[in-house]
$ cat target.cif   # mmCIF, C-alpha atoms
data_input
#
loop_
_atom_site.label_atom_id
_atom_site.label_comp_id
_atom_site.auth_asym_id
_atom_site.auth_seq_id
_atom_site.Cartn_x
_atom_site.Cartn_y
_atom_site.Cartn_z
CA MET O 1 122.22 126.99 102.65
CA ILE O 2 124.45 124.12 103.81
CA LEU O 3 125.41 126.04 106.93
CA THR O 4 121.77 126.66 107.81
CA THR O 5 120.94 122.96 107.60
CA GLU O 6 123.82 122.02 109.88
CA THR O 7 122.73 124.56 112.51
CA LEU O 8 119.21 123.18 112.52
CA GLU O 9 120.52 119.63 112.98
CA SER O 10 122.72 120.62 115.93
CA ASN O 11 119.76 122.44 117.57
CA LYS O 12 117.64 119.30 117.28
CA ARG O 13 120.34 117.22 118.93
CA PHE O 14 120.55 119.70 121.80
CA GLU O 15 116.78 119.56 122.31
CA ARG O 16 116.76 115.79 122.29
CA SER O 17 119.51 115.56 124.88
CA CYS O 18 117.58 117.94 127.14
CA TYR O 19 114.54 115.69 127.06
CA LEU O 20 116.61 112.61 127.78
CA ASN O 21 118.19 114.25 130.84
CA LEU O 22 114.82 115.23 132.27
CA LEU O 23 113.12 111.84 131.72
CA PRO O 24 114.55 110.10 134.83
CA LEU O 25 113.09 112.87 137.04
CA PHE O 26 109.61 112.09 135.84
CA PHE O 27 109.88 108.34 136.28
CA ILE O 28 111.52 108.03 139.71
CA GLN O 29 108.94 106.88 142.26
CA VAL O 30 109.88 107.47 145.89
CA ALA O 31 109.35 104.41 148.08
CA PHE O 32 107.68 104.65 151.48
CA ASN O 33 110.10 104.97 154.43
CA PRO O 34 108.52 103.20 157.41
CA ASP O 35 111.18 104.29 159.94
CA GLU O 36 110.63 107.97 159.31
CA ALA O 37 106.87 107.53 159.57
CA SER O 38 107.25 105.42 162.71
CA ASN O 39 109.28 108.12 164.46
CA ALA O 40 106.82 110.85 163.55
CA VAL O 41 103.97 108.75 164.95
CA LYS O 42 105.76 107.87 168.22
CA GLU O 43 106.36 111.54 168.93
CA CYS O 44 102.69 112.32 168.34
CA ILE O 45 101.54 109.56 170.71
CA GLU O 46 103.95 110.64 173.46
CA GLY O 47 102.81 114.19 173.04
CA VAL O 48 99.14 113.34 173.47
CA ILE O 49 98.91 110.46 175.98
CA GLY O 50 102.42 110.06 177.39
CA GLY O 51 102.09 109.81 181.18
CA VAL O 52 98.26 109.96 181.50
CA ASP O 53 95.87 107.23 182.69
CA TYR O 54 92.99 105.85 180.63
CA SER O 55 89.93 108.09 180.91
CA GLN O 56 86.69 107.26 179.10
CA ASN O 57 85.75 110.94 178.82
CA LYS O 58 88.95 111.93 177.12
CA VAL O 59 89.79 108.94 174.96
CA ASN O 60 87.64 110.22 172.10
CA GLN O 61 89.64 113.43 171.99
CA TRP O 62 92.96 111.58 172.31
CA THR O 63 92.46 109.29 169.33
CA ALA O 64 91.28 112.19 167.16
CA THR O 65 94.29 114.31 168.15
CA ILE O 66 96.76 111.48 167.56
CA VAL O 67 95.52 110.78 164.03
CA GLU O 68 95.37 114.46 163.09
CA HIS O 69 98.85 115.29 164.38
CA SER O 70 100.36 112.18 162.79
CA LEU O 71 98.76 113.01 159.45
CA THR O 72 100.01 116.60 159.59
CA GLN O 73 103.58 115.44 160.31
CA LEU O 74 103.46 112.91 157.48
CA VAL O 75 102.14 115.41 154.95
CA LYS O 76 104.88 117.87 155.98
CA GLN O 77 107.46 115.35 154.73
CA GLY O 78 106.28 116.47 151.30
CA LYS O 79 106.31 113.07 149.58
CA PRO O 80 103.87 112.13 146.77
CA PHE O 81 101.67 109.83 148.87
CA LYS O 82 98.05 109.51 149.96
CA TYR O 83 97.92 108.55 153.66
CA ILE O 84 95.55 106.66 155.93
CA VAL O 85 96.25 106.81 159.69
CA ASN O 86 94.35 104.50 162.02
CA CYS O 87 94.58 104.64 165.83
CA ALA O 88 93.12 102.27 168.46
CA VAL O 89 93.33 102.95 172.21
CA MET O 90 92.33 100.16 174.58
CA GLN O 91 92.06 100.08 178.35
CA LYS O 92 94.20 97.43 180.05
CA SER O 93 91.72 95.12 181.69
CA GLY O 94 92.70 91.61 180.69
CA ALA O 95 90.66 91.48 177.48
CA GLY O 96 92.20 90.01 174.37
CA LEU O 97 92.59 92.22 171.29
CA HIS O 98 93.73 91.12 167.86
CA THR O 99 94.14 93.26 164.75
CA ALA O 100 94.99 92.28 161.18
CA ASN O 101 95.20 94.12 157.88
CA SER O 102 95.54 93.18 154.25
CA CYS O 103 96.34 95.46 151.33
CA TYR O 104 95.93 95.28 147.57
CA TRP O 105 98.41 97.78 146.12
CA ASP O 106 101.71 98.27 144.33
CA THR O 107 104.29 96.61 146.59
CA THR O 108 107.21 98.51 145.02
CA THR O 109 105.97 101.97 145.98
CA ASP O 110 103.30 101.59 148.69
CA GLY O 111 103.83 100.57 152.29
CA SER O 112 102.62 100.60 155.85
CA CYS O 113 103.97 100.83 159.34
CA THR O 114 102.40 99.98 162.70
CA VAL O 115 103.44 101.47 166.04
CA ARG O 116 102.48 99.73 169.30
CA TRP O 117 102.72 101.80 172.46
CA GLU O 118 101.60 101.17 176.04
CA ASN O 119 101.67 102.61 179.50
CA ARG O 120 100.33 101.37 182.85
CA THR O 121 96.63 101.70 181.97
CA MET O 122 96.25 101.47 178.22
CA TYR O 123 97.51 100.20 174.86
CA CYS O 124 97.74 102.34 171.75
CA VAL O 125 98.15 100.88 168.25
CA VAL O 126 98.63 103.26 165.31
CA SER O 127 98.82 102.06 161.69
CA VAL O 128 99.93 104.24 158.80
CA PHE O 129 99.24 103.22 155.19
CA ALA O 130 100.90 105.16 152.37
CA VAL O 131 99.77 104.78 148.76
CA ALA O 132 101.90 106.39 146.04
CA ILE O 133 100.34 108.98 143.79
CA THR O 134 101.22 108.19 140.18
CA LEU O 135 102.36 111.36 138.44
CA MET J 136 88.18 107.66 120.99
CA GLU J 137 86.04 106.35 123.79
CA ASP J 138 86.26 108.05 127.16
CA TYR J 139 86.83 105.87 130.19
CA GLN J 140 83.46 105.48 131.95
CA THR J 141 83.23 107.51 135.14
CA GLY J 142 80.42 107.66 137.66
CA GLU J 143 78.72 104.65 139.17
CA GLU J 144 81.02 102.02 137.82
CA THR J 145 84.19 103.52 139.21
CA ALA J 146 83.10 105.21 142.43
CA PHE J 147 83.59 103.67 145.86
CA VAL J 148 80.12 102.33 146.73
CA VAL J 149 79.78 102.07 150.49
CA ASP J 150 76.70 99.80 150.58
CA GLU J 151 78.19 97.23 148.25
CA VAL J 152 81.41 97.07 150.25
CA SER J 153 79.51 96.93 153.52
CA THR J 154 77.55 93.88 152.34
CA ILE J 155 80.73 92.13 151.26
CA VAL J 156 82.32 92.76 154.65
CA LYS J 157 79.31 91.54 156.64
CA GLU J 158 79.23 88.29 154.70
CA ALA J 159 82.95 87.77 155.21
CA VAL J 160 82.68 88.30 158.98
CA GLU J 161 79.64 86.03 159.32
CA GLY J 162 81.39 83.37 157.30
CA ALA J 163 84.63 83.50 159.26
CA ILE J 164 83.36 83.99 162.84
CA GLY J 165 79.61 83.41 162.82
CA GLU J 166 78.41 82.30 166.25
CA ASN J 167 81.81 81.18 167.61
CA SER J 168 82.92 82.21 171.09
CA TYR J 169 86.13 84.15 171.58
CA GLN J 170 89.09 81.77 171.70
CA GLN J 171 92.61 83.13 171.97
CA SER J 172 94.07 80.24 170.01
CA ARG J 173 91.83 80.80 167.01
CA VAL J 174 91.49 84.59 166.86
CA LYS J 175 94.59 85.05 164.75
CA GLN J 176 93.24 82.72 162.10
CA TRP J 177 89.84 84.48 162.21
CA THR J 178 91.27 87.96 161.62
CA ASN J 179 93.35 86.63 158.74
CA ASN J 180 90.36 84.88 157.20
CA VAL J 181 88.20 87.99 157.47
CA VAL J 182 90.71 90.29 155.76
CA GLU J 183 91.60 87.79 153.04
CA GLN J 184 87.99 86.99 152.26
CA CYS J 185 87.08 90.71 152.11
CA LEU J 186 90.01 91.53 149.87
CA SER J 187 89.30 88.74 147.39
CA GLN J 188 85.61 89.68 147.14
CA LEU J 189 86.54 93.36 146.64
CA ASN J 190 88.95 92.50 143.84
CA LYS J 191 86.19 90.55 142.11
CA LEU J 192 84.28 93.83 141.73
CA GLY J 193 86.88 94.72 139.12
CA LYS J 194 87.08 98.43 139.91
CA PRO J 195 90.29 100.46 139.45
CA PHE J 196 91.06 100.76 143.17
CA LYS J 197 93.83 99.91 145.62
CA TYR J 198 92.33 98.49 148.83
CA ILE J 199 93.33 98.44 152.50
CA VAL J 200 91.30 96.22 154.84
CA THR J 201 91.84 96.23 158.61
CA CYS J 202 90.09 94.01 161.15
CA ILE J 203 89.99 94.26 164.96
CA ILE J 204 88.57 91.51 167.13
CA MET J 205 88.14 92.24 170.82
CA GLN J 206 86.92 90.00 173.61
CA LYS J 207 83.90 91.32 175.55
CA ASN J 208 85.38 91.92 178.95
CA GLY J 209 84.27 95.36 180.01
CA ALA J 210 87.35 97.11 178.60
CA GLY J 211 86.94 100.34 176.66
CA LEU J 212 88.16 100.53 173.07
CA GLN J 213 88.30 103.68 170.95
CA THR J 214 89.50 103.83 167.34
CA ALA J 215 89.94 106.83 165.06
CA CYS J 216 91.16 107.28 161.55
CA SER J 217 92.30 110.21 159.44
CA CYS J 218 92.94 110.16 155.69
CA PHE J 219 94.83 112.36 153.25
CA TRP J 220 93.44 111.53 149.80
CA ASP J 221 91.28 112.68 146.93
CA ASN J 222 87.76 113.26 148.28
CA THR J 223 86.09 112.94 144.93
CA THR J 224 87.32 109.44 144.10
CA ASP J 225 88.43 107.70 147.32
CA GLY J 226 86.26 106.38 150.15
CA SER J 227 86.05 104.19 153.21
CA CYS J 228 83.54 102.04 155.02
CA THR J 229 83.55 100.67 158.58
CA VAL J 230 81.44 97.73 159.74
CA ARG J 231 80.86 96.99 163.45
CA TRP J 232 79.72 93.48 164.27
CA GLU J 233 79.29 91.68 167.56
CA ASN J 234 78.11 88.46 169.09
CA LYS J 235 77.83 87.33 172.72
CA SER J 236 81.56 87.06 173.39
CA MET J 237 83.36 89.46 171.06
CA TYR J 238 83.31 92.61 168.96
CA CYS J 239 84.62 92.77 165.40
CA ILE J 240 85.39 96.06 163.62
CA VAL J 241 86.36 95.96 159.94
CA SER J 242 87.46 99.04 157.97
CA VAL J 243 87.86 99.11 154.20
CA PHE J 244 89.65 101.98 152.45
CA GLY J 245 89.47 102.30 148.65
CA LEU J 246 91.92 104.55 146.82
CA ALA J 247 91.40 105.24 143.15
CA ILE J 248 94.26 104.41 140.83
#
$ encode --input "target.cif" --output "structure tokens"
Amino acid sequence: MILTTETLESNKRFERSCYLNLLPLFFIQVAFNPDEASNAVKECIEGVIGGVDYSQNKVNQWTATIVEHSLTQLVKQGKPFKYIVNCAVMQKSGAGLHTANSCYWDTTTDGSCTVRWENRTMYCVVSVFAVAITL
Amino acid sequence: MEDYQTGEETAFVVDEVSTIVKEAVEGAIGENSYQQSRVKQWTNNVVEQCLSQLNKLGKPFKYIVTCIIMQKNGAGLQTACSCFWDNTTDGSCTVRWENKSMYCIVSVFGLAI
């Protein structure tokens, strides 16, 4: 009888230590990496409008393609985030443009990154916002 | 055990947000003419005012507010946005406003916690 009790106790200890080892995996939240996101976005922009001039007919298609490709690349990174990708393309004609954004979120896990790109005839500003999914 | 109330109280309501944004833009810019020296302050005021009004709604959301102000000068501007989120709980709303000398585009994204 005494032997049986001791075996049960040692089993319980083993189970408890298993749970303790696994706990950190559930509580680690990955932080947003703006550099990685920034690189993915730059490649997308270059791929779509690198070397072309502003064209009113095509700009609609360009902005849609840039946001879709960027989003696909970001999701492929496989991190537990919801993403919002915003792209603005403006013709260079002397007009002033100002953008601002403000976010109410968890500053330890969520983040954003903005990429500004230009060529001879247009400016392109892409903003990525990443909000952590709580598991 | 009471269930957390779902439905109207915790969904992203586009009309409500849209009204908040329009009031914020009117309050910050109103009938002013585009001035390069003041535009930075205007965009900041618009986003801060929107965000504080949205928080007052008391819903369980994280918010992202973006504002673009562009001088009316004949230039073309195109913006697009793509989102990877939960369609059932998250939402967005975009408000386009203009006066004689400038355009203002404000986008609000609400992500459920």
$ resolve_selection --input "target.cif" --expression "the PyMOL selection byres ((chain J and resi 177) around 10)" --output "ChimeraX atom specification"
/O:98,100 /J:160,162-164,170,172-176,178-183,202,204
$ closest_residue --input "target.cif" --among "O:Thr114, O:Asn101, O:Thr121, O:Thr109" --to "chain J" --atoms "only C-alpha atoms"
O:Asn101
$ interface_residues --input "target.cif" --of "chain J" --to "chain O" --cutoff "10 Å" --atoms "all atoms listed in the file" --output "NGL selection string"
:J and (169-171 or 174-187 or 189-190 or 196-221 or 237-248)
$ write_last_selection --input "target.cif" --atoms "C-alpha atoms" --output "compact mmCIF listing (two decimals), in the frame of the given file"
# COMPACT_ATOMS: atom_id res chain seq x y z
CA TYR J 169 86.13 84.15 171.58
CA GLN J 170 89.09 81.77 171.70
CA GLN J 171 92.61 83.13 171.97
CA VAL J 174 91.49 84.59 166.86
CA LYS J 175 94.59 85.05 164.75
CA GLN J 176 93.24 82.72 162.10
CA TRP J 177 89.84 84.48 162.21
CA THR J 178 91.27 87.96 161.62
CA ASN J 179 93.35 86.63 158.74
CA ASN J 180 90.36 84.88 157.20
CA VAL J 181 88.20 87.99 157.47
CA VAL J 182 90.71 90.29 155.76
CA GLU J 183 91.60 87.79 153.04
CA GLN J 184 87.99 86.99 152.26
CA CYS J 185 87.08 90.71 152.11
CA LEU J 186 90.01 91.53 149.87
CA SER J 187 89.30 88.74 147.39
CA LEU J 189 86.54 93.36 146.64
CA ASN J 190 88.95 92.50 143.84
CA PHE J 196 91.06 100.76 143.17
CA LYS J 197 93.83 99.91 145.62
CA TYR J 198 92.33 98.49 148.83
CA ILE J 199 93.33 98.44 152.50
CA VAL J 200 91.30 96.22 154.84
CA THR J 201 91.84 96.23 158.61
CA CYS J 202 90.09 94.01 161.15
CA ILE J 203 89.99 94.26 164.96
CA ILE J 204 88.57 91.51 167.13
CA MET J 205 88.14 92.24 170.82
CA GLN J 206 86.92 90.00 173.61
CA LYS J 207 83.90 91.32 175.55
CA ASN J 208 85.38 91.92 178.95
CA GLY J 209 84.27 95.36 180.01
CA ALA J 210 87.35 97.11 178.60
CA GLY J 211 86.94 100.34 176.66
CA LEU J 212 88.16 100.53 173.07
CA GLN J 213 88.30 103.68 170.95
CA THR J 214 89.50 103.83 167.34
CA ALA J 215 89.94 106.83 165.06
CA CYS J 216 91.16 107.28 161.55
CA SER J 217 92.30 110.21 159.44
CA CYS J 218 92.94 110.16 155.69
CA PHE J 219 94.83 112.36 153.25
CA TRP J 220 93.44 111.53 149.80
CA ASP J 221 91.28 112.68 146.93
CA MET J 237 83.36 89.46 171.06
CA TYR J 238 83.31 92.61 168.96
CA CYS J 239 84.62 92.77 165.40
CA ILE J 240 85.39 96.06 163.62
CA VAL J 241 86.36 95.96 159.94
CA SER J 242 87.46 99.04 157.97
CA VAL J 243 87.86 99.11 154.20
CA PHE J 244 89.65 101.98 152.45
CA GLY J 245 89.47 102.30 148.65
CA LEU J 246 91.92 104.55 146.82
CA ALA J 247 91.40 105.24 143.15
CA ILE J 248 94.26 104.41 140.83
$ residues_around --input "target.cif" --residues "Glu151 in chain J" --least-positions-apart "2" --cutoff "12 Å" --atoms "only C-alpha atoms" --output "VMD selection string"
chain J and resid 143 to 144 146 to 149 153 to 158 185 188 to 189 192 227 to 228 230 243
$ atom_distance --input "target.cif" --atom1 "CA of Pro34 in chain O" --atom2 "CA of Ser112 in chain O"
6.6 Å
$ axis_aligned_box --input "target.cif" --around "range 147-162 of chain J" --padding-each-side "4 Å" --output "AutoDock Vina command-line options"
--center_x 80.1 --center_y 93.5 --center_z 152.6 --size_x 14.9 --size_y 28.3 --size_z 21.5
$ resolve_selection --input "target.cif" --expression "the PyMOL selection byres ((chain O and resi 51) around 12)" --output "number ranges by chain"
O: 45-50, 52-54, 117-122
$ write_last_selection --input "target.cif" --atoms "C-alpha atoms" --output "PDB file, in the frame of the given file"
ATOM      1  CA  ILE O  45     101.540 109.560 170.710  1.00  0.00           C
ATOM      2  CA  GLU O  46     103.950 110.640 173.460  1.00  0.00           C
ATOM      3  CA  GLY O  47     102.810 114.190 173.040  1.00  0.00           C
ATOM      4  CA  VAL O  48      99.140 113.340 173.470  1.00  0.00           C
ATOM      5  CA  ILE O  49      98.910 110.460 175.980  1.00  0.00           C
ATOM      6  CA  GLY O  50     102.420 110.060 177.390  1.00  0.00           C
ATOM      7  CA  VAL O  52      98.260 109.960 181.500  1.00  0.00           C
ATOM      8  CA  ASP O  53      95.870 107.230 182.690  1.00  0.00           C
ATOM      9  CA  TYR O  54      92.990 105.850 180.630  1.00  0.00           C
ATOM     10  CA  TRP O 117     102.720 101.800 172.460  1.00  0.00           C
ATOM     11  CA  GLU O 118     101.600 101.170 176.040  1.00  0.00           C
ATOM     12  CA  ASN O 119     101.670 102.610 179.500  1.00  0.00           C
ATOM     13  CA  ARG O 120     100.330 101.370 182.850  1.00  0.00           C
ATOM     14  CA  THR O 121      96.630 101.700 181.970  1.00  0.00           C
ATOM     15  CA  MET O 122      96.250 101.470 178.220  1.00  0.00           C
TER      16      MET O 122
END
$ atom_distance --input "target.cif" --atom1 "CA of Gly226 in chain J" --atom2 "CA of Lys194 in chain J"
13.0 Å
$ atom_distance --input "target.cif" --atom1 "CA of Ser168 in chain J" --atom2 "CA of Ser236 in chain J"
5.5 Å
$ resolve_selection --input "target.cif" --expression "the PyMOL selection byres ((chain O and resi 32) around 6)" --output "ChimeraX atom specification"
/O:31,33,111
